[in-house]
Structures are given as C-alpha cells and as structure tokens.
>>> print(open('upload.pdb').read())   # PDB, C-alpha atoms and all ligand atoms
MODEL        1
ATOM      1  CA  MET A   1     -43.797  30.007-219.566
ATOM      2  CA  ASP A   2     -43.245  32.435-216.642
ATOM      3  CA  ASN A   3     -42.840  31.250-213.041
ATOM      4  CA  PHE A   4     -46.422  32.043-212.088
ATOM      5  CA  THR A   5     -47.851  30.075-215.042
ATOM      6  CA  GLN A   6     -45.493  27.206-214.379
ATOM      7  CA  GLU A   7     -46.597  27.067-210.754
ATOM      8  CA  SER A   8     -50.303  27.230-211.566
ATOM      9  CA  GLN A   9     -49.855  24.453-214.163
ATOM     10  CA  LYS A  10     -48.149  22.335-211.543
ATOM     11  CA  ILE A  11     -50.982  22.867-209.075
ATOM     12  CA  ARG A  12     -53.653  22.353-211.715
ATOM     13  CA  TYR A  13     -52.470  18.817-212.533
ATOM     14  CA  ASP A  14     -51.145  18.046-209.062
ATOM     15  CA  ARG A  15     -53.654  15.269-208.261
ATOM     16  CA  GLN A  16     -53.123  13.281-211.446
ATOM     17  CA  THR A  17     -49.340  13.550-211.295
ATOM     18  CA  LEU A  18     -49.623  11.534-208.074
ATOM     19  CA  ILE A  19     -50.665   8.551-210.226
ATOM     20  CA  GLU A  20     -47.866   6.047-210.683
ATOM     21  CA  ASN A  21     -46.055   6.390-214.024
ATOM     22  CA  TRP A  22     -47.809   9.662-214.817
ATOM     23  CA  ASP A  23     -45.832  12.134-216.924
ATOM     24  CA  GLN A  24     -47.673  15.412-217.477
ATOM     25  CA  GLU A  25     -45.209  16.464-220.191
ATOM     26  CA  LYS A  26     -46.215  13.483-222.301
ATOM     27  CA  ILE A  27     -49.865  14.441-221.844
ATOM     28  CA  ARG A  28     -49.133  18.092-222.681
ATOM     29  CA  ASP A  29     -47.266  17.063-225.850
ATOM     30  CA  GLY A  30     -50.084  14.702-226.886
ATOM     31  CA  LYS A  31     -51.978  15.178-230.145
ATOM     32  CA  VAL A  32     -55.278  13.333-230.353
ATOM     33  CA  ILE A  33     -57.907  13.221-233.094
ATOM     34  CA  ILE A  34     -61.507  12.652-232.062
ATOM     35  CA  VAL A  35     -63.727  11.479-234.890
ATOM     36  CA  GLY A  36     -67.413  11.827-234.166
ATOM     37  CA  MET A  37     -68.384  14.581-231.738
ATOM     38  CA  GLY A  38     -71.470  12.818-230.426
ATOM     39  CA  ALA A  39     -72.087  11.369-226.980
ATOM     40  CA  LEU A  40     -68.848   9.374-226.679
ATOM     41  CA  GLY A  41     -66.654  11.915-228.467
ATOM     42  CA  SER A  42     -67.910  14.739-226.223
ATOM     43  CA  VAL A  43     -67.207  12.864-222.991
ATOM     44  CA  ALA A  44     -63.764  11.744-224.185
ATOM     45  CA  ALA A  45     -62.922  15.292-225.350
ATOM     46  CA  VAL A  46     -63.913  16.877-222.027
ATOM     47  CA  SER A  47     -61.878  14.346-220.084
ATOM     48  CA  LEU A  48     -58.796  14.802-222.289
ATOM     49  CA  ALA A  49     -59.041  18.610-222.145
ATOM     50  CA  MET A  50     -59.271  18.486-218.340
ATOM     51  CA  ALA A  51     -56.259  16.156-218.140
ATOM     52  CA  GLY A  52     -54.210  18.738-220.069
ATOM     53  CA  VAL A  53     -53.768  16.992-223.441
ATOM     54  CA  GLY A  54     -51.980  19.555-225.602
ATOM     55  CA  GLU A  55     -53.823  19.264-228.893
ATOM     56  CA  LEU A  56     -57.208  17.946-229.968
ATOM     57  CA  ILE A  57     -58.474  17.790-233.543
ATOM     58  CA  LEU A  58     -62.238  17.315-233.723
ATOM     59  CA  VAL A  59     -63.803  15.837-236.853
ATOM     60  CA  ASP A  60     -67.556  15.705-237.494
ATOM     61  CA  PHE A  61     -69.783  17.053-240.261
ATOM     62  CA  ASP A  62     -73.007  17.079-238.250
ATOM     63  CA  THR A  63     -74.977  19.948-236.796
ATOM     64  CA  ILE A  64     -76.511  19.957-233.328
ATOM     65  CA  GLU A  65     -80.108  18.747-233.022
ATOM     66  CA  ILE A  66     -82.427  18.959-230.061
ATOM     67  CA  SER A  67     -82.392  15.154-229.712
ATOM     68  CA  ASN A  68     -78.625  15.301-229.036
ATOM     69  CA  LEU A  69     -79.060  17.210-225.794
ATOM     70  CA  ASN A  70     -79.916  14.212-223.593
ATOM     71  CA  ARG A  71     -76.343  12.911-223.827
ATOM     72  CA  GLN A  72     -73.966  15.108-225.838
ATOM     73  CA  LEU A  73     -72.210  16.880-223.022
ATOM     74  CA  LEU A  74     -70.958  20.019-224.754
ATOM     75  CA  PHE A  75     -74.149  21.264-226.424
ATOM     76  CA  ARG A  76     -76.943  23.531-225.156
ATOM     77  CA  MET A  77     -80.336  24.648-226.463
ATOM     78  CA  GLU A  78     -78.877  27.828-227.996
ATOM     79  CA  ASP A  79     -76.456  25.695-230.071
ATOM     80  CA  ILE A  80     -79.176  23.937-232.102
ATOM     81  CA  GLY A  81     -78.331  24.089-235.806
ATOM     82  CA  LYS A  82     -74.661  24.954-235.246
ATOM     83  CA  SER A  83     -71.682  22.812-236.204
ATOM     84  CA  LYS A  84     -70.888  20.197-233.550
ATOM     85  CA  VAL A  85     -67.126  20.549-233.810
ATOM     86  CA  GLU A  86     -67.179  24.351-233.703
ATOM     87  CA  VAL A  87     -69.358  24.465-230.589
ATOM     88  CA  ALA A  88     -67.320  21.662-228.992
ATOM     89  CA  ALA A  89     -64.055  23.544-229.662
ATOM     90  CA  ARG A  90     -65.498  26.711-228.094
ATOM     91  CA  GLU A  91     -66.645  24.830-224.974
ATOM     92  CA  LEU A  92     -63.423  22.840-224.597
ATOM     93  CA  LEU A  93     -61.423  26.084-224.527
ATOM     94  CA  LYS A  94     -63.568  27.215-221.593
ATOM     95  CA  ILE A  95     -62.579  24.006-219.805
ATOM     96  CA  ASN A  96     -58.877  24.436-220.581
ATOM     97  CA  SER A  97     -57.601  27.555-222.331
ATOM     98  CA  ASP A  98     -54.142  25.988-222.804
ATOM     99  CA  LEU A  99     -55.643  23.483-225.225
ATOM    100  CA  LYS A 100     -54.874  23.792-228.929
ATOM    101  CA  VAL A 101     -58.085  22.704-230.600
ATOM    102  CA  THR A 102     -58.939  22.448-234.290
ATOM    103  CA  ALA A 103     -62.501  21.971-235.528
ATOM    104  CA  LEU A 104     -62.824  20.142-238.851
ATOM    105  CA  ASN A 105     -66.437  20.365-239.957
ATOM    106  CA  MET A 106     -66.257  17.596-242.540
ATOM    107  CA  LYS A 107     -66.404  13.866-243.026
ATOM    108  CA  ILE A 108     -63.325  11.968-241.926
ATOM    109  CA  GLN A 109     -62.783  10.632-245.466
ATOM    110  CA  VAL A 110     -62.138  14.130-246.846
ATOM    111  CA  VAL A 111     -59.787  15.391-244.106
ATOM    112  CA  PRO A 112     -56.303  15.773-245.683
ATOM    113  CA  THR A 113     -54.129  12.795-244.733
ATOM    114  CA  SER A 114     -51.433  15.243-243.552
ATOM    115  CA  ASP A 115     -53.838  16.436-240.821
ATOM    116  CA  LEU A 116     -54.521  12.906-239.621
ATOM    117  CA  GLU A 117     -51.250  11.014-239.859
ATOM    118  CA  THR A 118     -49.392  13.055-237.215
ATOM    119  CA  ALA A 119     -51.823  12.079-234.448
ATOM    120  CA  GLU A 120     -50.577   9.875-231.653
ATOM    121  CA  VAL A 121     -54.017   8.404-231.094
ATOM    122  CA  ILE A 122     -57.321   8.492-232.950
ATOM    123  CA  VAL A 123     -60.484   8.200-230.873
ATOM    124  CA  GLU A 124     -63.669   7.276-232.692
ATOM    125  CA  GLY A 125     -67.247   7.336-231.533
ATOM    126  CA  LEU A 126     -68.821   7.120-234.971
ATOM    127  CA  ASP A 127     -72.375   6.053-235.578
ATOM    128  CA  THR A 128     -72.030   4.119-238.828
ATOM    129  CA  PHE A 129     -70.175   0.899-239.495
ATOM    130  CA  VAL A 130     -69.010   2.199-242.859
ATOM    131  CA  ASP A 131     -67.218   5.237-241.383
ATOM    132  CA  ARG A 132     -65.792   3.099-238.598
ATOM    133  CA  ARG A 133     -64.458   0.624-241.126
ATOM    134  CA  TRP A 134     -62.796   3.422-243.090
ATOM    135  CA  VAL A 135     -61.080   4.738-239.949
ATOM    136  CA  ASN A 136     -59.882   1.223-239.077
ATOM    137  CA  SER A 137     -58.396   0.830-242.537
ATOM    138  CA  PHE A 138     -56.709   4.250-242.251
ATOM    139  CA  ILE A 139     -55.136   3.687-238.838
ATOM    140  CA  VAL A 140     -53.695   0.329-239.881
ATOM    141  CA  GLU A 141     -52.212   1.871-243.030
ATOM    142  CA  HIS A 142     -50.673   4.760-241.060
ATOM    143  CA  ASN A 143     -49.823   2.791-237.916
ATOM    144  CA  ILE A 144     -51.788   4.949-235.447
ATOM    145  CA  PRO A 145     -53.501   3.434-232.390
ATOM    146  CA  LEU A 146     -57.296   3.625-232.443
ATOM    147  CA  ILE A 147     -59.698   3.755-229.527
ATOM    148  CA  SER A 148     -63.082   2.584-230.741
ATOM    149  CA  GLY A 149     -66.247   2.847-228.701
ATOM    150  CA  GLY A 150     -69.928   2.206-229.205
ATOM    151  CA  MET A 151     -73.168   2.307-227.256
ATOM    152  CA  PHE A 152     -76.704   1.046-227.638
ATOM    153  CA  GLY A 153     -79.261   1.506-224.872
ATOM    154  CA  PHE A 154     -77.706   0.292-221.624
ATOM    155  CA  LEU A 155     -74.993  -1.553-223.561
ATOM    156  CA  GLY A 156     -71.581  -0.261-224.476
ATOM    157  CA  ASN A 157     -68.317  -1.513-225.926
ATOM    158  CA  LEU A 158     -64.722  -0.476-226.128
ATOM    159  CA  GLN A 159     -61.739  -1.713-228.116
ATOM    160  CA  VAL A 160     -58.173  -0.480-228.472
ATOM    161  CA  ILE A 161     -56.497  -1.317-231.767
ATOM    162  CA  ILE A 162     -52.732  -1.153-231.946
ATOM    163  CA  PRO A 163     -52.072  -1.853-235.638
ATOM    164  CA  ARG A 164     -50.499  -5.262-236.289
ATOM    165  CA  LYS A 165     -50.238  -5.923-232.536
ATOM    166  CA  ASN A 166     -53.826  -6.884-231.777
ATOM    167  CA  ALA A 167     -57.037  -7.547-233.683
ATOM    168  CA  CYS A 168     -58.268  -4.729-235.910
ATOM    169  CA  LEU A 169     -61.976  -4.105-236.501
ATOM    170  CA  GLU A 170     -61.754  -6.112-239.730
ATOM    171  CA  CYS A 171     -60.288  -9.219-238.062
ATOM    172  CA  GLN A 172     -63.834  -9.970-236.947
ATOM    173  CA  SER A 173     -66.840  -9.511-239.143
ATOM    174  CA  LEU A 174     -68.430  -6.792-237.041
ATOM    175  CA  ILE A 175     -70.009  -5.107-240.026
ATOM    176  CA  PRO A 176     -73.466  -6.403-240.907
ATOM    177  CA  GLU A 177     -74.127  -6.673-244.632
ATOM    178  CA  GLU A 178     -77.216  -4.461-244.381
ATOM    179  CA  GLU A 179     -75.129  -1.677-242.802
ATOM    180  CA  LEU A 180     -72.789  -1.621-245.776
ATOM    181  CA  GLN A 181     -75.638  -1.484-248.227
ATOM    182  CA  LYS A 182     -77.296   1.347-246.307
ATOM    183  CA  ALA A 183     -74.468   3.798-246.873
ATOM    184  CA  CYS A 184     -74.878   4.217-250.589
ATOM    185  CA  THR A 185     -73.481   7.749-250.737
ATOM    186  CA  PRO A 186     -70.951   7.857-247.945
ATOM    187  CA  PHE A 187     -68.975  10.746-249.420
ATOM    188  CA  GLY A 188     -71.747  13.045-250.461
ATOM    189  CA  GLU A 189     -74.310  15.482-249.302
ATOM    190  CA  GLN A 190     -77.029  13.012-250.219
ATOM    191  CA  ARG A 191     -76.163  10.912-247.216
ATOM    192  CA  LYS A 192     -76.261  13.949-244.973
ATOM    193  CA  GLU A 193     -79.669  14.877-246.323
ATOM    194  CA  SER A 194     -81.001  11.385-245.812
ATOM    195  CA  ARG A 195     -79.702  11.478-242.248
ATOM    196  CA  GLN A 196     -81.550  14.676-241.602
ATOM    197  CA  GLU A 197     -84.749  13.243-243.000
ATOM    198  CA  GLU A 198     -84.515  10.166-240.833
ATOM    199  CA  SER A 199     -82.340  11.184-237.933
ATOM    200  CA  VAL A 200     -80.018   8.414-236.766
ATOM    201  CA  ASP A 201     -80.035   9.992-233.305
ATOM    202  CA  GLU A 202     -83.714   9.312-232.876
ATOM    203  CA  VAL A 203     -83.581   5.673-233.849
ATOM    204  CA  ILE A 204     -80.650   4.497-231.725
ATOM    205  CA  PRO A 205     -81.593   4.190-228.049
ATOM    206  CA  SER A 206     -78.980   6.056-226.018
ATOM    207  CA  VAL A 207     -78.607   7.649-222.605
ATOM    208  CA  SER A 208     -75.893   9.868-221.155
ATOM    209  CA  SER A 209     -75.018   7.491-218.290
ATOM    210  CA  VAL A 210     -73.638   4.934-220.754
ATOM    211  CA  SER A 211     -71.722   7.588-222.695
ATOM    212  CA  PHE A 212     -69.990   8.626-219.463
ATOM    213  CA  VAL A 213     -68.930   5.016-218.782
ATOM    214  CA  ILE A 214     -67.642   4.272-222.277
ATOM    215  CA  GLY A 215     -66.448   7.795-223.155
ATOM    216  CA  GLY A 216     -64.556   7.926-219.853
ATOM    217  CA  LEU A 217     -62.845   4.629-220.614
ATOM    218  CA  MET A 218     -61.988   5.848-224.105
ATOM    219  CA  ALA A 219     -60.268   8.882-222.586
ATOM    220  CA  GLN A 220     -58.462   6.692-220.080
ATOM    221  CA  GLU A 221     -57.115   4.390-222.798
ATOM    222  CA  THR A 222     -56.020   7.476-224.753
ATOM    223  CA  LEU A 223     -54.108   8.829-221.749
ATOM    224  CA  LYS A 224     -52.463   5.424-221.265
ATOM    225  CA  ILE A 225     -51.230   5.446-224.856
ATOM    226  CA  LEU A 226     -49.855   8.981-224.453
ATOM    227  CA  LEU A 227     -48.134   7.824-221.262
ATOM    228  CA  LYS A 228     -46.735   4.783-223.131
ATOM    229  CA  LEU A 229     -48.479   2.427-220.717
ATOM    230  CA  PRO A 230     -49.909  -0.949-221.819
ATOM    231  CA  SER A 231     -53.399  -0.682-223.346
ATOM    232  CA  LEU A 232     -56.541  -2.689-222.898
ATOM    233  CA  LYS A 233     -55.984  -5.909-224.851
ATOM    234  CA  GLU A 234     -59.489  -7.317-224.919
ATOM    235  CA  TYR A 235     -62.751  -6.151-226.431
ATOM    236  CA  LEU A 236     -64.619  -4.778-223.451
ATOM    237  CA  PHE A 237     -68.386  -5.168-223.330
ATOM    238  CA  TRP A 238     -70.484  -3.288-220.770
ATOM    239  CA  ASP A 239     -73.964  -4.542-219.927
ATOM    240  CA  GLY A 240     -75.411  -1.665-217.968
ATOM    241  CA  SER A 241     -78.642  -3.550-217.157
ATOM    242  CA  ALA A 242     -76.766  -6.265-215.320
ATOM    243  CA  GLY A 243     -73.909  -3.980-214.260
ATOM    244  CA  VAL A 244     -71.328  -6.332-215.729
ATOM    245  CA  PHE A 245     -68.180  -5.801-217.773
ATOM    246  CA  THR A 246     -67.055  -8.699-219.956
ATOM    247  CA  ALA A 247     -63.595  -8.768-221.530
ATOM    248  CA  ILE A 248     -63.478 -10.828-224.704
ATOM    249  CA  GLU A 249     -60.146 -11.828-226.130
ATOM    250  CA  LEU A 250     -59.960 -11.248-229.855
ATOM    251  CA  SER A 251     -57.185 -12.747-231.911
ATOM    252  CA  ARG A 252     -55.798 -11.295-235.107
ATOM    253  CA  ARG A 253     -56.831 -13.048-238.276
ATOM    254  CA  GLU A 254     -53.880 -14.326-240.275
ATOM    255  CA  ASP A 255     -55.638 -13.507-243.517
ATOM    256  CA  CYS A 256     -57.115 -10.154-242.465
ATOM    257  CA  PHE A 257     -56.979  -8.099-245.651
ATOM    258  CA  VAL A 258     -56.545  -4.881-243.672
ATOM    259  CA  CYS A 259     -53.966  -5.691-240.996
ATOM    260  CA  SER A 260     -52.101  -8.876-241.941
ATOM    261  CA  SER A 261     -48.654  -7.931-243.202
ATOM    262  CA  GLU A 262     -48.849 -10.267-246.172
ATOM    263  CA  TYR A 263     -51.925  -8.625-247.636
ATOM    264  CA  GLN A 264     -50.698  -5.158-246.769
ATOM    265  CA  LEU A 265     -47.805  -5.709-249.150
ATOM    266  CA  ASN A 266     -49.000  -8.314-251.630
ATOM    267  CA  ALA A 267     -52.081  -8.980-253.660
ATOM    268  CA  ILE A 268     -54.803 -11.194-252.221
ATOM    269  CA  PRO A 269     -55.168 -14.352-254.335
ATOM    270  CA  VAL A 270     -58.647 -14.816-255.776
ATOM    271  CA  ARG A 271     -59.796 -17.738-257.913
ATOM    272  CA  SER A 272     -62.338 -17.620-260.674
ATOM    273  CA  ALA A 273     -63.733 -20.288-262.984
ATOM    274  CA  ILE A 274     -62.719 -19.852-266.614
ATOM    275  CA  ASP A 275     -66.369 -19.432-267.638
ATOM    276  CA  GLN A 276     -67.418 -17.251-264.669
ATOM    277  CA  GLN A 277     -69.421 -14.185-265.611
ATOM    278  CA  ILE A 278     -68.245 -10.776-264.420
ATOM    279  CA  ASP A 279     -71.401 -10.105-262.364
ATOM    280  CA  ASP A 280     -70.942 -13.437-260.511
ATOM    281  CA  PHE A 281     -67.310 -12.609-259.872
ATOM    282  CA  ILE A 282     -68.289  -9.210-258.449
ATOM    283  CA  ASP A 283     -70.783 -10.903-256.108
ATOM    284  CA  GLN A 284     -68.069 -13.364-255.055
ATOM    285  CA  LEU A 285     -65.747 -10.482-254.087
ATOM    286  CA  ARG A 286     -68.537  -8.571-252.366
ATOM    287  CA  TYR A 287     -69.574 -11.451-250.141
ATOM    288  CA  SER A 288     -66.042 -12.684-249.454
ATOM    289  CA  PHE A 289     -64.768  -9.268-248.372
ATOM    290  CA  ASN A 290     -67.954  -7.633-247.138
ATOM    291  CA  LEU A 291     -67.786  -4.863-249.734
ATOM    292  CA  GLY A 292     -70.535  -2.418-250.556
ATOM    293  CA  LYS A 293     -72.556  -2.035-253.746
ATOM    294  CA  GLU A 294     -70.472   0.994-254.699
ATOM    295  CA  MET A 295     -67.203  -0.895-255.089
ATOM    296  CA  ILE A 296     -65.289  -0.254-258.307
ATOM    297  CA  ILE A 297     -63.003  -2.817-259.954
ATOM    298  CA  ILE A 298     -60.075  -1.499-261.943
ATOM    299  CA  HIS A 299     -57.594  -3.339-264.133
ATOM    300  CA  GLY A 300     -54.844  -0.978-265.233
ATOM    301  CA  THR A 301     -56.781   2.078-266.308
ATOM    302  CA  ILE A 302     -59.916   0.146-267.251
ATOM    303  CA  THR A 303     -62.981  -0.163-265.039
ATOM    304  CA  ILE A 304     -64.589  -3.599-265.055
ATOM    305  CA  ASP A 305     -68.345  -3.092-264.972
ATOM    306  CA  SER A 306     -70.949  -5.672-264.072
ATOM    307  CA  SER A 307     -72.027  -7.710-267.113
ATOM    308  CA  LYS A 308     -72.773 -11.221-268.322
ATOM    309  CA  GLU A 309     -69.461 -11.325-270.146
ATOM    310  CA  LYS A 310     -66.864 -13.895-269.055
ATOM    311  CA  LEU A 311     -64.170 -12.469-266.790
ATOM    312  CA  SER A 312     -61.566 -14.577-268.611
ATOM    313  CA  ASN A 313     -62.280 -12.618-271.806
ATOM    314  CA  LEU A 314     -60.865  -9.514-270.084
ATOM    315  CA  LEU A 315     -58.262 -10.893-267.708
ATOM    316  CA  SER A 316     -55.609 -13.596-267.630
ATOM    317  CA  SER A 317     -54.223 -15.566-264.703
ATOM    318  CA  ALA A 318     -51.753 -13.510-262.604
ATOM    319  CA  ASP A 319     -53.412 -10.248-263.632
ATOM    320  CA  ILE A 320     -53.729  -7.747-260.789
ATOM    321  CA  ILE A 321     -56.980  -5.900-260.189
ATOM    322  CA  ARG A 322     -57.693  -3.158-257.676
ATOM    323  CA  VAL A 323     -60.985  -2.746-255.866
ATOM    324  CA  ILE A 324     -61.951   0.649-254.533
ATOM    325  CA  ASP A 325     -64.582   0.575-251.828
ATOM    326  CA  PRO A 326     -65.621   3.827-250.117
ATOM    327  CA  SER A 327     -65.576   2.095-246.746
ATOM    328  CA  LEU A 328     -61.828   1.416-246.994
ATOM    329  CA  SER A 329     -59.092   4.048-246.972
ATOM    330  CA  LYS A 330     -57.022   2.337-249.673
ATOM    331  CA  PRO A 331     -57.828   0.008-252.592
ATOM    332  CA  LEU A 332     -57.638  -3.750-252.195
ATOM    333  CA  LYS A 333     -55.262  -5.497-254.559
ATOM    334  CA  PHE A 334     -56.189  -8.948-255.931
ATOM    335  CA  GLU A 335     -54.299 -11.405-258.088
ATOM    336  CA  ILE A 336     -56.579 -13.450-260.328
ATOM    337  CA  SER A 337     -56.101 -17.091-261.116
ATOM    338  CA  PHE A 338     -58.444 -18.986-263.412
ATOM    339  CA  ASP A 339     -59.484 -22.569-262.834
ATOM    340  CA  SER A 340     -59.590 -24.268-266.194
TER     341      SER A 340
HETATM  342 ZN    ZN A 401     -57.248  -7.108-239.014
ENDMDL
END
>>> encode(input="upload.pdb", output="structure tokens", more="lines below")
Ligand SMILES: [Zn+2]
Amino acid sequence: MDNFTQESQKIRYDRQTLIENWDQEKIRDGKVIIVGMGALGSVAAVSLAMAGVGELILVDFDTIEISNLNRQLLFRMEDIGKSKVEVAARELLKINSDLKVTALNMKIQVVPTSDLETAEVIVEGLDTFVDRRWVNSFIVEHNIPLISGGMFGFLGNLQVIIPRKNACLECQSLIPEEELQKACTPFGEQRKESRQEESVDEVIPSVSSVSFVIGGLMAQETLKILLKLPSLKEYLFWDGSAGVFTAIELSRREDCFVCSSEYQLNAIPVRSAIDQQIDDFIDQLRYSFNLGKEMIIIHGTITIDSSKEKLSNLLSSADIIRVIDPSLSKPLKFEISFDS
C-alpha cells in the first residue's frame, strides 16, 4: 500500500476508529460469510462493506424478483431475473472497491466445506427453518459463531450463537413440525421450482424498515465478533408496532443433540420395546428429534426402511445406528437398547 492509499484508508475509516476498542486491522482482516442475500443479508452486507470488512462470501441460489425490490437494498428493476449474489457482489464493490467478494450462486448445503470453515463469522438471513437448522448444525460442528436474524411484518429477531458457549438454535424447539415437512426436496431443483410457483417472498409480510433494524444489528454483532468484543447474549426480539425490544435469556440444553459436548462425541441413547415395529420406531425418532420425512436410518452399510417388521429382528442392544436428515449437516448417532 503506497502512502497516498494508506492516508486515504485512514481518513475513510476515521470516524469509526474513534469508537472505543475499535481496531480497523481486525475489520480489514475479517472474513465473513453471508447466507441468504435477501432483505437482512443485503443490509448486513452493505454495512460490513462500508465498515471495511476485508472479505465477504455471499451464498444464495435465488434470482431477483420484482417483489424483492421493496426491501432488498442492492437490487434494481434492471436486475430482475439475475442471480442475487452476483448482483450483490457487483453493487458491494461499488460501495467499497477494496472488498474481496465471492458470489456463490448455490444452496448452502452444497458449498464445499473448505469454503465455509475458514470464516470468522457466518451471518444468516435465511427464509426457511430447514436451511437455518442446517447452518446451525454446521457452525456448531466447525466452531464458527453465527449471527441469525429473522423478520415478519413489523416483528424481527436476532440471536448470536457462539458454539458451546450459549444456546444454539436447536437448544429450543424453534422449528415447527409443519416447516420440516414442507421442505421435502431441500437439496434439489424441485424445491426451487416449487418456490418459483408459489413465491415465498409474496407470502411473508415484510418491509424494508424492519430489515434495516435487524440487518443493521446483525452487522453490528458481526463487527463486534471481528473486534473480539463480547456479543449479544440474549435472543433479541423487536416489536416494531410497539417500538419495543425484548431480550430473552436462553439457556443451553444439556441434552441438545447438536451442541452438547456429550452428544457431539457419543451416541445418543434411544430405547425401543423388543416387539416395536420399525415404522413406529421411525416415528418415535422423528417426533423426539424433530426430523423430517426424508430422514434415512443406516446400520453399518444397510438402510433400515419403514416396515411392520420388528426392529429387534434387525438390531441388538448396543448397536449403533446413524440417521441422516437433510436439515442437519452431519448424521446423528444413536445407540439402541431394547426393553425386554
Ligand atoms: Zn444446542
């Protein structure tokens, strides 16, 4: 960096470096992934680019629709039909040409792990519970802080998850059963097609004013993590109608199958009656762990399919089974014990 550039950089960030404990080098060296380039992702991305965050990786598989324009800051009429992340990357470079920005036009589940695990923070403004659950499972596994935000009408919410330090998204049952069942093809094009037929954007009430409140806070929490400052501990709920923020303390669940250290390392014990049929056992797992219809149970190299057969004909006590659910980034491991 020559003297002139150094000086202009200094002046550019002059006002924020006046903030106590600010360290522009930490911000410049920061690498942040933003998953979901909708209303919240756009606001957070703009704010982080302006603050001088060194590298942003944008992940979203959607294209821009006219109904996005009331709140998705980076898109214009001429961008309709284009990839959200590609347009966002182009616009963010206009805001700050020093930014290194990568556009990944794909679902988060298919981004190579090597592209995700080096991030210092992941910011998510996703619009489905299933994708959000997958990201939560991933960040706990790879020990990356997550900033999670949501909005609905005049309401908004924000949560910072520091893996194994505070409650993860799975510590509370925030995922309604019907949401899990909705996403029957979360990996495929079919889901994208069904979204286009019945646009999610049109059915969720949302306005830009709320995305600026929540997206701004998401960026702020991201900057605090890059600066190694303490993060928001509580779940923050914004009621824009009443103009009230409520901070709700959430505690970690000892038996959380995503973030408790015991279940990270060991198998989760699960009991079954000696005469229990396989289809009943599958239902038991589904309801106990909020799993989707697509879950697959594997014992060794064998898949256990739904049937009226007794589970005890296939398995013995202490056998380990693995359950793959598309909403989780790694399989769940269970140890069976049979009640005689
Ligand atoms: Zn948890």
>>> residues_around(input="upload.pdb", residues="range 206-220 of chain A", least_positions_apart="6", cutoff="10 Å", atoms="only C-alpha atoms", output="PyMOL selection string")
chain A and resi 38-49+51+68-73+123-125+146-160+226+231-232+236-240
>>> resolve_selection(input="upload.pdb", expression="the PyMOL selection byres (((chain A and resi 328) around 7) and not hetatm)", output="short mmCIF file (atom, residue, chain, number, x, y, z; two decimals) with C-alpha atoms, in the coordinates of the input")
data_model
loop_
_atom_site.label_atom_id
_atom_site.label_comp_id
_atom_site.auth_asym_id
_atom_site.auth_seq_id
_atom_site.Cartn_x
_atom_site.Cartn_y
_atom_site.Cartn_z
CA ARG A 133 -64.46 0.62 -241.13
CA TRP A 134 -62.80 3.42 -243.09
CA SER A 137 -58.40 0.83 -242.54
CA ASP A 325 -64.58 0.57 -251.83
CA PRO A 326 -65.62 3.83 -250.12
CA SER A 327 -65.58 2.10 -246.75
CA SER A 329 -59.09 4.05 -246.97
CA LYS A 330 -57.02 2.34 -249.67
#
>>> closest_residue(input="upload.pdb", among="A:Met106, A:Leu126, A:Ile204, A:Cys256", to="Pro163 in chain A", atoms="all atoms listed in the file")
A:Cys256
>>> atom_distance(input="upload.pdb", atom1="CA of Glu309 in chain A", atom2="CA of Asp275 in chain A")
9.0 Å
>>> closest_atom_pairs(input="upload.pdb", of="chain A", to="ligand ZN 401 (chain A)", cutoff="7 Å", atoms="all atoms listed in the file", output="Markdown table")
| residue | atom | partner | partner_atom | distance |
| --- | --- | --- | --- | --- |
| A:Ala167 | CA | A:ZN401 | ZN | 5.4 |
| A:Cys168 | CA | A:ZN401 | ZN | 4.0 |
| A:Leu169 | CA | A:ZN401 | ZN | 6.1 |
| A:Glu170 | CA | A:ZN401 | ZN | 4.7 |
| A:Cys171 | CA | A:ZN401 | ZN | 3.8 |
| A:Arg252 | CA | A:ZN401 | ZN | 5.9 |
| A:Arg253 | CA | A:ZN401 | ZN | 6.0 |
| A:Cys256 | CA | A:ZN401 | ZN | 4.6 |
| A:Phe257 | CA | A:ZN401 | ZN | 6.7 |
| A:Val258 | CA | A:ZN401 | ZN | 5.2 |
| A:Cys259 | CA | A:ZN401 | ZN | 4.1 |
| A:Ser260 | CA | A:ZN401 | ZN | 6.2 |
>>> write_last_selection(input="upload.pdb", atoms="C-alpha atoms", output="compact mmCIF listing (two decimals), in the coordinates of the input")
# COMPACT_ATOMS: atom_id res chain seq x y z
CA ALA A 167 -57.04 -7.55 -233.68
CA CYS A 168 -58.27 -4.73 -235.91
CA LEU A 169 -61.98 -4.11 -236.50
CA GLU A 170 -61.75 -6.11 -239.73
CA CYS A 171 -60.29 -9.22 -238.06
CA ARG A 252 -55.80 -11.30 -235.11
CA ARG A 253 -56.83 -13.05 -238.28
CA CYS A 256 -57.12 -10.15 -242.46
CA PHE A 257 -56.98 -8.10 -245.65
CA VAL A 258 -56.54 -4.88 -243.67
CA CYS A 259 -53.97 -5.69 -241.00
CA SER A 260 -52.10 -8.88 -241.94
>>> closest_residue(input="upload.pdb", among="A:Val130, A:Val135, A:Leu315, A:Pro230", to="Gly292 in chain A", atoms="all atoms listed in the file")
A:Val130
>>> closest_residue(input="upload.pdb", among="A:Ser312, A:Gln6, A:Gln276, A:Asn266", to="Glu335 in chain A", atoms="only C-alpha atoms")
A:Asn266
>>> atom_distance(input="upload.pdb", atom1="CA of Ser306 in chain A", atom2="CA of Arg286 in chain A")
12.3 Å
>>> closest_residue(input="upload.pdb", among="A:Ile95, A:Ile298, A:Leu116, A:Leu56", to="Leu74 in chain A", atoms="all atoms listed in the file")
A:Ile95
>>> residues_around(input="upload.pdb", residues="Leu311 in chain A", least_positions_apart="6", cutoff="9 Å", atoms="all atoms listed in the file", output="PyMOL selection string")
chain A and resi 272-279+281
>>> write_last_selection(input="upload.pdb", atoms="C-alpha atoms", output="PDB file, keeping the file's coordinate frame")
ATOM      1  CA  SER A 272     -62.338 -17.620-260.674  1.00  0.00           C
ATOM      2  CA  ALA A 273     -63.733 -20.288-262.984  1.00  0.00           C
ATOM      3  CA  ILE A 274     -62.719 -19.852-266.614  1.00  0.00           C
ATOM      4  CA  ASP A 275     -66.369 -19.432-267.638  1.00  0.00           C
ATOM      5  CA  GLN A 276     -67.418 -17.251-264.669  1.00  0.00           C
ATOM      6  CA  GLN A 277     -69.421 -14.185-265.611  1.00  0.00           C
ATOM      7  CA  ILE A 278     -68.245 -10.776-264.420  1.00  0.00           C
ATOM      8  CA  ASP A 279     -71.401 -10.105-262.364  1.00  0.00           C
ATOM      9  CA  PHE A 281     -67.310 -12.609-259.872  1.00  0.00           C
TER      10      PHE A 281
END
>>> atom_distance(input="upload.pdb", atom1="CA of Leu223 in chain A", atom2="CA of Ala119 in chain A")
13.3 Å
>>> resolve_selection(input="upload.pdb", expression="the PyMOL selection byres (((chain A and resi 99) around 8) and not hetatm)", output="number ranges by chain")
A: 49, 52-56, 92-93, 96-98, 100-101
